Every structure is written in structure tokens, then in C-alpha cells.
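For reference, protein_9.cif (mmCIF, N, CA and C atoms):
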data_run
#
loop_
_atom_site.label_atom_id
_atom_site.label_comp_id
_atom_site.auth_asym_id
_atom_site.auth_seq_id
_atom_site.Cartn_x
_atom_site.Cartn_y
_atom_site.Cartn_z
N MET A 1 0.83 -1.19 0.00
CA MET A 1 0.00 0.00 0.00
C MET A 1 0.88 1.26 0.00
N LYS A 2 1.96 1.24 0.80
CA LYS A 2 2.84 2.40 0.86
C LYS A 2 3.48 2.66 -0.51
N ILE A 3 3.83 1.60 -1.22
CA ILE A 3 4.44 1.75 -2.55
C ILE A 3 3.44 2.37 -3.51
N LEU A 4 2.20 1.95 -3.45
CA LEU A 4 1.16 2.51 -4.32
C LEU A 4 0.98 4.00 -4.05
N LEU A 5 0.94 4.39 -2.78
CA LEU A 5 0.81 5.81 -2.44
C LEU A 5 2.02 6.61 -2.93
N ALA A 6 3.19 6.02 -2.80
CA ALA A 6 4.40 6.70 -3.27
C ALA A 6 4.37 6.90 -4.78
N LEU A 7 3.90 5.90 -5.52
CA LEU A 7 3.80 6.01 -6.98
C LEU A 7 2.78 7.07 -7.38
N VAL A 8 1.65 7.11 -6.70
CA VAL A 8 0.62 8.12 -6.99
C VAL A 8 1.16 9.52 -6.71
N ALA A 9 1.85 9.68 -5.60
CA ALA A 9 2.43 10.98 -5.25
C ALA A 9 3.49 11.40 -6.27
N ALA A 10 4.34 10.47 -6.69
CA ALA A 10 5.37 10.78 -7.69
C ALA A 10 4.74 11.16 -9.02
N ALA A 11 3.70 10.46 -9.42
CA ALA A 11 3.02 10.79 -10.68
C ALA A 11 2.42 12.18 -10.62
N GLY A 12 1.87 12.55 -9.48
CA GLY A 12 1.31 13.89 -9.31
C GLY A 12 2.36 14.96 -9.43
N LEU A 13 3.53 14.72 -8.85
CA LEU A 13 4.63 15.69 -8.94
C LEU A 13 5.12 15.83 -10.37
N LEU A 14 5.24 14.71 -11.08
CA LEU A 14 5.72 14.77 -12.46
C LEU A 14 4.74 15.51 -13.36
N SER A 15 3.46 15.32 -13.15
CA SER A 15 2.47 15.99 -14.00
C SER A 15 2.42 17.49 -13.72
N ALA A 16 2.89 17.91 -12.56
CA ALA A 16 2.88 19.32 -12.21
C ALA A 16 4.16 20.04 -12.66
N ALA A 17 5.14 19.29 -13.15
CA ALA A 17 6.41 19.88 -13.55
C ALA A 17 6.30 20.60 -14.88
N GLU A 18 7.16 21.61 -15.07
CA GLU A 18 7.16 22.28 -16.36
C GLU A 18 7.83 21.38 -17.40
N VAL A 19 7.44 21.58 -18.65
CA VAL A 19 7.96 20.78 -19.75
C VAL A 19 8.86 21.66 -20.61
N LYS A 20 10.14 21.30 -20.70
CA LYS A 20 11.10 22.06 -21.50
C LYS A 20 11.27 21.38 -22.85
N LEU A 21 11.15 22.17 -23.92
CA LEU A 21 11.23 21.65 -25.28
C LEU A 21 12.26 22.44 -26.09
N GLY A 22 13.03 21.75 -26.92
CA GLY A 22 13.98 22.43 -27.79
C GLY A 22 15.21 22.93 -27.06
N LYS A 23 15.77 24.00 -27.62
CA LYS A 23 17.01 24.56 -27.08
C LYS A 23 16.74 25.44 -25.86
N PRO A 24 17.75 25.58 -24.98
CA PRO A 24 17.60 26.49 -23.83
C PRO A 24 17.44 27.93 -24.31
N PHE A 25 16.76 28.73 -23.50
CA PHE A 25 16.55 30.15 -23.83
C PHE A 25 17.86 30.92 -23.82
N THR A 26 17.93 31.92 -24.69
CA THR A 26 19.10 32.80 -24.72
C THR A 26 18.78 34.18 -24.15
N LEU A 27 17.51 34.54 -24.08
CA LEU A 27 17.10 35.83 -23.53
C LEU A 27 16.66 35.65 -22.07
N LYS A 28 16.79 36.74 -21.31
CA LYS A 28 16.50 36.66 -19.88
C LYS A 28 15.02 36.77 -19.55
N GLU A 29 14.30 37.66 -20.25
CA GLU A 29 12.91 37.95 -19.91
C GLU A 29 12.03 37.95 -21.16
N PRO A 30 10.80 37.43 -21.03
CA PRO A 30 9.88 37.49 -22.18
C PRO A 30 9.23 38.87 -22.30
N VAL A 31 8.83 39.21 -23.53
CA VAL A 31 7.98 40.38 -23.75
C VAL A 31 6.55 39.87 -23.73
N THR A 32 5.62 40.76 -23.56
CA THR A 32 4.22 40.35 -23.59
C THR A 32 3.76 40.22 -25.04
N VAL A 33 2.71 39.45 -25.25
CA VAL A 33 2.13 39.32 -26.58
C VAL A 33 1.69 40.69 -27.07
N ALA A 34 1.12 41.51 -26.16
CA ALA A 34 0.65 42.85 -26.53
C ALA A 34 1.80 43.72 -27.02
N THR A 35 2.92 43.70 -26.33
CA THR A 35 4.09 44.49 -26.73
C THR A 35 4.59 44.04 -28.09
N LEU A 36 4.71 42.74 -28.27
CA LEU A 36 5.21 42.19 -29.51
C LEU A 36 4.31 42.54 -30.69
N MET A 37 3.00 42.38 -30.52
CA MET A 37 2.08 42.59 -31.62
C MET A 37 1.71 44.06 -31.84
N ALA A 38 2.03 44.94 -30.87
CA ALA A 38 1.77 46.37 -31.05
C ALA A 38 2.72 46.96 -32.09
N HIS A 39 3.95 46.47 -32.12
CA HIS A 39 4.96 46.97 -33.06
C HIS A 39 5.77 45.80 -33.60
N PRO A 40 5.15 44.87 -34.31
CA PRO A 40 5.87 43.66 -34.73
C PRO A 40 7.04 43.93 -35.66
N ASP A 41 6.96 45.00 -36.47
CA ASP A 41 8.08 45.29 -37.38
C ASP A 41 9.36 45.64 -36.61
N ASP A 42 9.23 46.16 -35.38
CA ASP A 42 10.40 46.46 -34.56
C ASP A 42 11.15 45.19 -34.15
N TYR A 43 10.43 44.08 -34.12
CA TYR A 43 11.00 42.80 -33.67
C TYR A 43 11.28 41.83 -34.81
N ALA A 44 10.77 42.12 -36.00
CA ALA A 44 10.91 41.20 -37.13
C ALA A 44 12.39 40.91 -37.41
N GLY A 45 12.71 39.63 -37.58
CA GLY A 45 14.09 39.22 -37.84
C GLY A 45 14.94 39.08 -36.60
N LYS A 46 14.38 39.41 -35.44
CA LYS A 46 15.13 39.34 -34.18
C LYS A 46 14.64 38.19 -33.32
N THR A 47 15.53 37.71 -32.45
CA THR A 47 15.14 36.69 -31.48
C THR A 47 14.29 37.34 -30.41
N VAL A 48 13.14 36.75 -30.14
CA VAL A 48 12.23 37.25 -29.12
C VAL A 48 11.84 36.09 -28.20
N GLN A 49 11.39 36.46 -27.03
CA GLN A 49 10.85 35.49 -26.09
C GLN A 49 9.51 36.05 -25.64
N VAL A 50 8.48 35.24 -25.65
CA VAL A 50 7.14 35.71 -25.33
C VAL A 50 6.45 34.70 -24.41
N LYS A 51 5.60 35.24 -23.54
CA LYS A 51 4.85 34.39 -22.60
C LYS A 51 3.37 34.59 -22.86
N GLY A 52 2.61 33.50 -22.84
CA GLY A 52 1.17 33.61 -23.02
C GLY A 52 0.49 32.30 -22.72
N LYS A 53 -0.83 32.32 -22.87
CA LYS A 53 -1.64 31.13 -22.65
C LYS A 53 -1.79 30.37 -23.97
N ILE A 54 -1.57 29.07 -23.93
CA ILE A 54 -1.72 28.24 -25.13
C ILE A 54 -3.21 28.08 -25.41
N THR A 55 -3.63 28.51 -26.61
CA THR A 55 -5.03 28.37 -26.97
C THR A 55 -5.27 27.27 -27.98
N GLU A 56 -4.23 26.94 -28.75
CA GLU A 56 -4.40 25.90 -29.75
C GLU A 56 -3.04 25.30 -30.07
N VAL A 57 -3.04 24.00 -30.38
CA VAL A 57 -1.83 23.28 -30.76
C VAL A 57 -2.16 22.45 -32.00
N CYS A 58 -1.23 22.37 -32.93
CA CYS A 58 -1.41 21.52 -34.10
C CYS A 58 -1.71 20.10 -33.65
N GLN A 59 -2.85 19.58 -34.09
CA GLN A 59 -3.26 18.25 -33.67
C GLN A 59 -2.72 17.15 -34.59
N MET A 60 -2.09 17.54 -35.69
CA MET A 60 -1.52 16.53 -36.58
C MET A 60 -0.11 16.14 -36.13
N MET A 61 0.78 17.15 -35.98
CA MET A 61 2.18 16.85 -35.70
C MET A 61 2.74 17.62 -34.50
N GLY A 62 1.93 18.46 -33.87
CA GLY A 62 2.43 19.25 -32.75
C GLY A 62 3.48 20.26 -33.19
N CYS A 63 3.37 20.74 -34.44
CA CYS A 63 4.42 21.60 -35.02
C CYS A 63 4.18 23.10 -34.80
N TRP A 64 3.07 23.48 -34.21
CA TRP A 64 2.84 24.88 -33.87
C TRP A 64 1.91 24.97 -32.67
N MET A 65 1.99 26.10 -32.00
CA MET A 65 1.04 26.43 -30.94
C MET A 65 0.80 27.92 -30.96
N ASP A 66 -0.40 28.32 -30.57
CA ASP A 66 -0.76 29.73 -30.49
C ASP A 66 -0.74 30.16 -29.04
N LEU A 67 -0.07 31.30 -28.78
CA LEU A 67 -0.06 31.90 -27.45
C LEU A 67 -0.89 33.17 -27.51
N THR A 68 -1.72 33.40 -26.50
CA THR A 68 -2.56 34.60 -26.44
C THR A 68 -2.41 35.27 -25.09
N ASN A 69 -2.92 36.52 -25.06
CA ASN A 69 -3.00 37.24 -23.81
C ASN A 69 -4.47 37.41 -23.43
N ASP A 70 -4.73 38.12 -22.35
CA ASP A 70 -6.10 38.30 -21.88
C ASP A 70 -6.96 39.12 -22.84
N GLU A 71 -6.32 39.90 -23.72
CA GLU A 71 -7.06 40.74 -24.67
C GLU A 71 -7.35 39.98 -25.97
N GLY A 72 -6.90 38.75 -26.08
CA GLY A 72 -7.17 37.95 -27.27
C GLY A 72 -6.15 38.09 -28.38
N GLN A 73 -5.11 38.90 -28.16
CA GLN A 73 -4.04 39.00 -29.17
C GLN A 73 -3.28 37.68 -29.16
N LYS A 74 -2.83 37.25 -30.36
CA LYS A 74 -2.12 35.97 -30.39
C LYS A 74 -0.90 36.03 -31.28
N VAL A 75 0.00 35.11 -31.01
CA VAL A 75 1.16 34.89 -31.86
C VAL A 75 1.36 33.39 -31.97
N ARG A 76 1.70 32.96 -33.16
CA ARG A 76 1.93 31.54 -33.42
C ARG A 76 3.42 31.23 -33.26
N ILE A 77 3.69 30.11 -32.62
CA ILE A 77 5.04 29.58 -32.50
C ILE A 77 5.09 28.39 -33.45
N LYS A 78 5.89 28.46 -34.50
CA LYS A 78 5.98 27.40 -35.52
C LYS A 78 7.38 26.82 -35.48
N VAL A 79 7.45 25.48 -35.51
CA VAL A 79 8.74 24.80 -35.52
C VAL A 79 8.80 23.86 -36.70
N GLU A 80 10.01 23.45 -37.06
CA GLU A 80 10.16 22.46 -38.12
C GLU A 80 9.55 21.15 -37.63
N ASP A 81 8.85 20.48 -38.53
CA ASP A 81 8.20 19.23 -38.17
C ASP A 81 9.19 18.25 -37.55
N GLY A 82 8.87 17.79 -36.34
CA GLY A 82 9.69 16.79 -35.67
C GLY A 82 10.84 17.33 -34.84
N VAL A 83 11.25 18.59 -35.06
CA VAL A 83 12.35 19.15 -34.28
C VAL A 83 11.90 19.36 -32.84
N ILE A 84 10.74 19.98 -32.68
CA ILE A 84 10.06 20.11 -31.39
C ILE A 84 8.64 19.62 -31.65
N VAL A 85 8.10 18.88 -30.71
CA VAL A 85 6.70 18.46 -30.82
C VAL A 85 5.98 19.01 -29.59
N PHE A 86 5.11 20.00 -29.84
CA PHE A 86 4.34 20.56 -28.73
C PHE A 86 3.28 19.55 -28.31
N PRO A 87 3.16 19.29 -27.00
CA PRO A 87 2.14 18.35 -26.55
C PRO A 87 0.74 18.80 -27.00
N LYS A 88 0.01 17.89 -27.61
CA LYS A 88 -1.28 18.23 -28.19
C LYS A 88 -2.35 18.55 -27.16
N ASP A 89 -2.09 18.20 -25.89
CA ASP A 89 -3.05 18.48 -24.82
C ASP A 89 -2.66 19.70 -23.98
N SER A 90 -1.87 20.60 -24.57
CA SER A 90 -1.34 21.75 -23.82
C SER A 90 -2.27 22.96 -23.77
N ALA A 91 -3.33 22.97 -24.56
CA ALA A 91 -4.23 24.13 -24.56
C ALA A 91 -4.71 24.41 -23.15
N GLY A 92 -4.71 25.70 -22.79
CA GLY A 92 -5.13 26.12 -21.46
C GLY A 92 -3.97 26.35 -20.52
N LYS A 93 -2.79 25.87 -20.86
CA LYS A 93 -1.61 26.06 -20.01
C LYS A 93 -0.86 27.32 -20.43
N MET A 94 -0.04 27.83 -19.53
CA MET A 94 0.82 28.96 -19.84
C MET A 94 2.14 28.43 -20.39
N ALA A 95 2.75 29.21 -21.28
CA ALA A 95 4.03 28.81 -21.86
C ALA A 95 4.88 30.03 -22.15
N VAL A 96 6.16 29.81 -22.21
CA VAL A 96 7.13 30.80 -22.67
C VAL A 96 7.82 30.17 -23.87
N ALA A 97 7.95 30.94 -24.95
CA ALA A 97 8.60 30.42 -26.16
C ALA A 97 9.60 31.43 -26.67
N GLU A 98 10.62 30.92 -27.36
CA GLU A 98 11.67 31.78 -27.91
C GLU A 98 11.96 31.38 -29.34
N GLY A 99 12.33 32.36 -30.14
CA GLY A 99 12.69 32.13 -31.53
C GLY A 99 12.73 33.45 -32.27
N LYS A 100 12.93 33.36 -33.58
CA LYS A 100 13.02 34.56 -34.40
C LYS A 100 11.63 34.93 -34.92
N LEU A 101 11.26 36.22 -34.78
CA LEU A 101 9.97 36.68 -35.30
C LEU A 101 10.10 36.87 -36.80
N ALA A 102 9.28 36.13 -37.53
CA ALA A 102 9.31 36.19 -39.00
C ALA A 102 8.08 36.95 -39.50
N LYS A 103 8.28 37.73 -40.54
CA LYS A 103 7.21 38.46 -41.20
C LYS A 103 7.01 37.86 -42.58
N GLU A 104 5.77 37.50 -42.89
CA GLU A 104 5.46 36.93 -44.20
C GLU A 104 4.33 37.71 -44.84
N GLU A 105 4.53 38.07 -46.10
CA GLU A 105 3.47 38.71 -46.90
C GLU A 105 2.83 37.60 -47.72
N LEU A 106 1.59 37.27 -47.41
CA LEU A 106 0.90 36.18 -48.09
C LEU A 106 -0.08 36.70 -49.13
N THR A 107 -0.12 36.04 -50.27
CA THR A 107 -1.12 36.35 -51.30
C THR A 107 -2.45 35.75 -50.85
N LYS A 108 -3.51 36.11 -51.53
CA LYS A 108 -4.82 35.55 -51.22
C LYS A 108 -4.79 34.02 -51.33
N ASP A 109 -4.17 33.50 -52.38
CA ASP A 109 -4.08 32.04 -52.56
C ASP A 109 -3.30 31.38 -51.43
N GLN A 110 -2.24 32.03 -50.97
CA GLN A 110 -1.46 31.47 -49.87
C GLN A 110 -2.26 31.48 -48.56
N VAL A 111 -3.05 32.54 -48.34
CA VAL A 111 -3.90 32.61 -47.15
C VAL A 111 -4.91 31.47 -47.18
N ILE A 112 -5.52 31.24 -48.34
CA ILE A 112 -6.50 30.16 -48.49
C ILE A 112 -5.85 28.81 -48.23
N ALA A 113 -4.67 28.57 -48.82
CA ALA A 113 -3.99 27.29 -48.64
C ALA A 113 -3.63 27.06 -47.16
N ARG A 114 -3.13 28.08 -46.50
CA ARG A 114 -2.75 27.94 -45.09
C ARG A 114 -3.99 27.70 -44.22
N ALA A 115 -5.06 28.46 -44.47
CA ALA A 115 -6.28 28.30 -43.68
C ALA A 115 -6.90 26.91 -43.89
N LYS A 116 -6.83 26.43 -45.13
CA LYS A 116 -7.37 25.09 -45.43
C LYS A 116 -6.58 24.02 -44.67
N GLU A 117 -5.27 24.13 -44.68
CA GLU A 117 -4.42 23.17 -43.97
C GLU A 117 -4.69 23.21 -42.46
N GLU A 118 -4.81 24.42 -41.90
CA GLU A 118 -5.07 24.55 -40.46
C GLU A 118 -6.43 23.96 -40.11
N ALA A 119 -7.42 24.16 -40.97
CA ALA A 119 -8.75 23.60 -40.72
C ALA A 119 -8.69 22.08 -40.72
N GLU A 120 -7.95 21.52 -41.66
CA GLU A 120 -7.80 20.06 -41.71
C GLU A 120 -7.08 19.54 -40.46
N ASP A 121 -6.02 20.26 -40.04
CA ASP A 121 -5.25 19.86 -38.86
C ASP A 121 -6.10 19.85 -37.61
N SER A 122 -7.03 20.80 -37.51
CA SER A 122 -7.82 20.93 -36.30
C SER A 122 -9.22 20.35 -36.42
N GLY A 123 -9.55 19.79 -37.58
CA GLY A 123 -10.85 19.18 -37.77
C GLY A 123 -11.99 20.17 -37.89
N LYS A 124 -11.67 21.39 -38.31
CA LYS A 124 -12.68 22.44 -38.45
C LYS A 124 -13.06 22.62 -39.91
N LYS A 125 -14.16 23.28 -40.13
CA LYS A 125 -14.60 23.59 -41.49
C LYS A 125 -13.97 24.90 -41.94
N PHE A 126 -13.76 25.04 -43.26
CA PHE A 126 -13.18 26.27 -43.81
C PHE A 126 -13.85 26.59 -45.13
N ASP A 127 -14.23 27.85 -45.30
CA ASP A 127 -14.86 28.32 -46.53
C ASP A 127 -13.88 29.25 -47.24
N PRO A 128 -13.29 28.83 -48.37
CA PRO A 128 -12.34 29.68 -49.09
C PRO A 128 -12.91 31.05 -49.47
N ALA A 129 -14.22 31.14 -49.64
CA ALA A 129 -14.84 32.42 -49.99
C ALA A 129 -14.72 33.44 -48.85
N SER A 130 -14.41 32.97 -47.65
CA SER A 130 -14.26 33.89 -46.52
C SER A 130 -12.98 34.71 -46.59
N VAL A 131 -12.05 34.31 -47.45
CA VAL A 131 -10.78 35.03 -47.61
C VAL A 131 -10.95 36.03 -48.75
N LYS A 132 -10.76 37.30 -48.42
CA LYS A 132 -10.97 38.37 -49.40
C LYS A 132 -9.69 38.91 -50.02
N SER A 133 -8.55 38.73 -49.30
CA SER A 133 -7.29 39.28 -49.81
C SER A 133 -6.11 38.60 -49.13
N GLY A 134 -4.92 39.02 -49.54
CA GLY A 134 -3.71 38.55 -48.88
C GLY A 134 -3.56 39.24 -47.54
N LYS A 135 -2.55 38.86 -46.78
CA LYS A 135 -2.33 39.53 -45.50
C LYS A 135 -0.89 39.34 -45.04
N THR A 136 -0.52 40.15 -44.08
CA THR A 136 0.79 40.06 -43.45
C THR A 136 0.65 39.21 -42.20
N VAL A 137 1.53 38.22 -42.07
CA VAL A 137 1.49 37.30 -40.94
C VAL A 137 2.83 37.37 -40.21
N TYR A 138 2.74 37.44 -38.89
CA TYR A 138 3.93 37.38 -38.05
C TYR A 138 3.85 36.11 -37.23
N GLN A 139 4.94 35.36 -37.20
CA GLN A 139 4.99 34.18 -36.34
C GLN A 139 6.42 33.98 -35.87
N ILE A 140 6.55 33.30 -34.77
CA ILE A 140 7.87 33.03 -34.21
C ILE A 140 8.35 31.67 -34.72
N GLU A 141 9.53 31.67 -35.32
CA GLU A 141 10.18 30.43 -35.73
C GLU A 141 10.85 29.88 -34.48
N GLY A 142 10.12 29.01 -33.79
CA GLY A 142 10.51 28.58 -32.46
C GLY A 142 11.79 27.75 -32.39
N THR A 143 12.59 28.04 -31.38
CA THR A 143 13.79 27.26 -31.10
C THR A 143 13.71 26.57 -29.75
N GLY A 144 12.87 27.10 -28.86
CA GLY A 144 12.72 26.52 -27.53
C GLY A 144 11.44 27.00 -26.89
N ALA A 145 10.93 26.21 -25.95
CA ALA A 145 9.72 26.58 -25.24
C ALA A 145 9.70 25.86 -23.89
N VAL A 146 8.98 26.47 -22.97
CA VAL A 146 8.72 25.86 -21.68
C VAL A 146 7.23 25.96 -21.43
N ILE A 147 6.59 24.81 -21.24
CA ILE A 147 5.19 24.79 -20.88
C ILE A 147 5.17 24.75 -19.35
N LEU A 148 4.59 25.78 -18.77
CA LEU A 148 4.66 25.97 -17.32
C LEU A 148 3.68 25.07 -16.58
N ALA A 149 4.06 24.70 -15.37
CA ALA A 149 3.16 23.93 -14.51
C ALA A 149 2.03 24.85 -14.07
N ASN A 150 0.83 24.36 -14.09
CA ASN A 150 -0.33 25.19 -13.68
C ASN A 150 -0.62 25.03 -12.21
#

Could the structure of this file be written out as C-alpha cells, please?
Amino acid sequence: MKILLALVAAAGLLSAAEVKLGKPFTLKEPVTVATLMAHPDDYAGKTVQVKGKITEVCQMMGCWMDLTNDEGQKVRIKVEDGVIVFPKDSAGKMAVAEGKLAKEELTKDQVIARAKEEAEDSGKKFDPASVKSGKTVYQIEGTGAVILAN
């Protein structure tokens, strides 16, 4: 009985631990999602570290996750397939991620293709007619992340 209690207690401690993924951080402090997205061109091409709540994770390969703040602003952390795999059950947890902020100018066709792929990954419906034009997208090319214990 004592061994069983010890195993249950150990499992509880392990599930409460933070999860470190990828390379160790190089920056000391994260910026907020609001700061980053208020002036993204100031950070484009630079290494940034950001903290936020995970709202969505790629359900196919765990190759991206979205971090948001209380105001609903979000930034996507995208990694090369298989280099880092974000746990698919991480939504709702807080995380800190680091990488280079990339700026992409997408055509209308590219926006449609990306939205279609994301809809397939998450099992959602997508209507290509909902896309009216191209857009500028900012995302972090992730090198490391820590999913914090809640």
C-alpha cells in the first residue's frame, strides 16, 4: 500500500512539472504578446521570447502552438516538423517560447492554402470564400519553449 501511495504521489509531482522543449533560452525575460504585436516590425528578424496562454496546438504533428494574452491577441510559434513536438493536450496552459519573429506577406491564394491546412489539422470547417485578400502574418520560428506547470 505504501508503494502505491508513493507512486501516486510521484506521478502527481511529475504531471505538475514544467515541460522544456527544444534549445535552452538565450534571452533573460519574455515580452508580452501585446508588446510584440503592437509593433511587430520592430522585432521582425530578431530573437524574441514571449509568454502567453496556449489556446491551440497543431493536432496533426504538434508543429505549432498559439499563445494569447487576456485581450485575445495571439502569436503563433511554428517549428520544423519533428524538431520540437508541442504536446497536443497543452491548450489552457501557460508557456514561454523563444525564436526569431518572421514576417510573411501572403497572397490571397497562400492565405487560403494555409487556412485550409489549419482547418484540416484541427478538424474544423473552412470556406475559401471567406478570404478576401492577402495579409501580413507574423509568427515566431521557435527554437525553444517551456510549458509551465499550472

Between CA of Val96 in chain A and atom C of Val146 in chain A, what is the spacing in Å?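 Atom-to-atom, atom C of Val146 in chain A and CA of Val96 in chain A are spaced 5.0 Å apart.
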
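Across the structure, atom C of Gly52 in chain A and atom C of Val79 in chain A are spaced 18.3 Å apart.
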
If we count only C-alpha atoms, what is near range 81-90 of chain A at a cut-off of 8 Å, once residues fewer than 2 positions away on the same chain are taken out, given as a list in words? Leu21, Gly22, Ile54, Glu56, Val57, Cys58, Gln59, Met61, Gly62, Cys63, Trp64, Met65, Val79, Gly92, Lys93, Gly144 and Ile147 of chain A

Assign secondary structure with DSSP using the backbone only, and return the residues of range 9-108 of chain A in strand (DSSP E or B) as number ranges by chain. A: 19-22, 31-32, 47-57, 64-68, 74-78, 94-106

For CA of Lys20 in chain A and CA of Glu71 in chain A, determine how far apart the two atoms are, in Å to one decimal place.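 Interatomic distance here is 26.2 Å.
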
If we draw a sphere of 5 Å around (2.9, 33.2, -26.8), which residues have at least one atom in it when counting all atoms listed in the file? Please report them as a PyMOL selection string. chain A and resi 50-52+67-68

Neighbour list for Lys108 in chain A as a list in words, cut-off 8 Å, all atoms listed in the file, skip fewer than 4 positions in-chain: Ile112, Ala113, Arg114, Val131, Lys132, Ser133, Gly134 and Lys135 of chain A

Please determine, counting all atoms listed in the file, which residue among A:Gly45, A:Gly99, A:Thr35, A:Glu29 has the shortest atom-to-atom distance to Thr143 in chain A.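 Among the listed residues, A:Gly99 lies closest to Thr143 in chain A.
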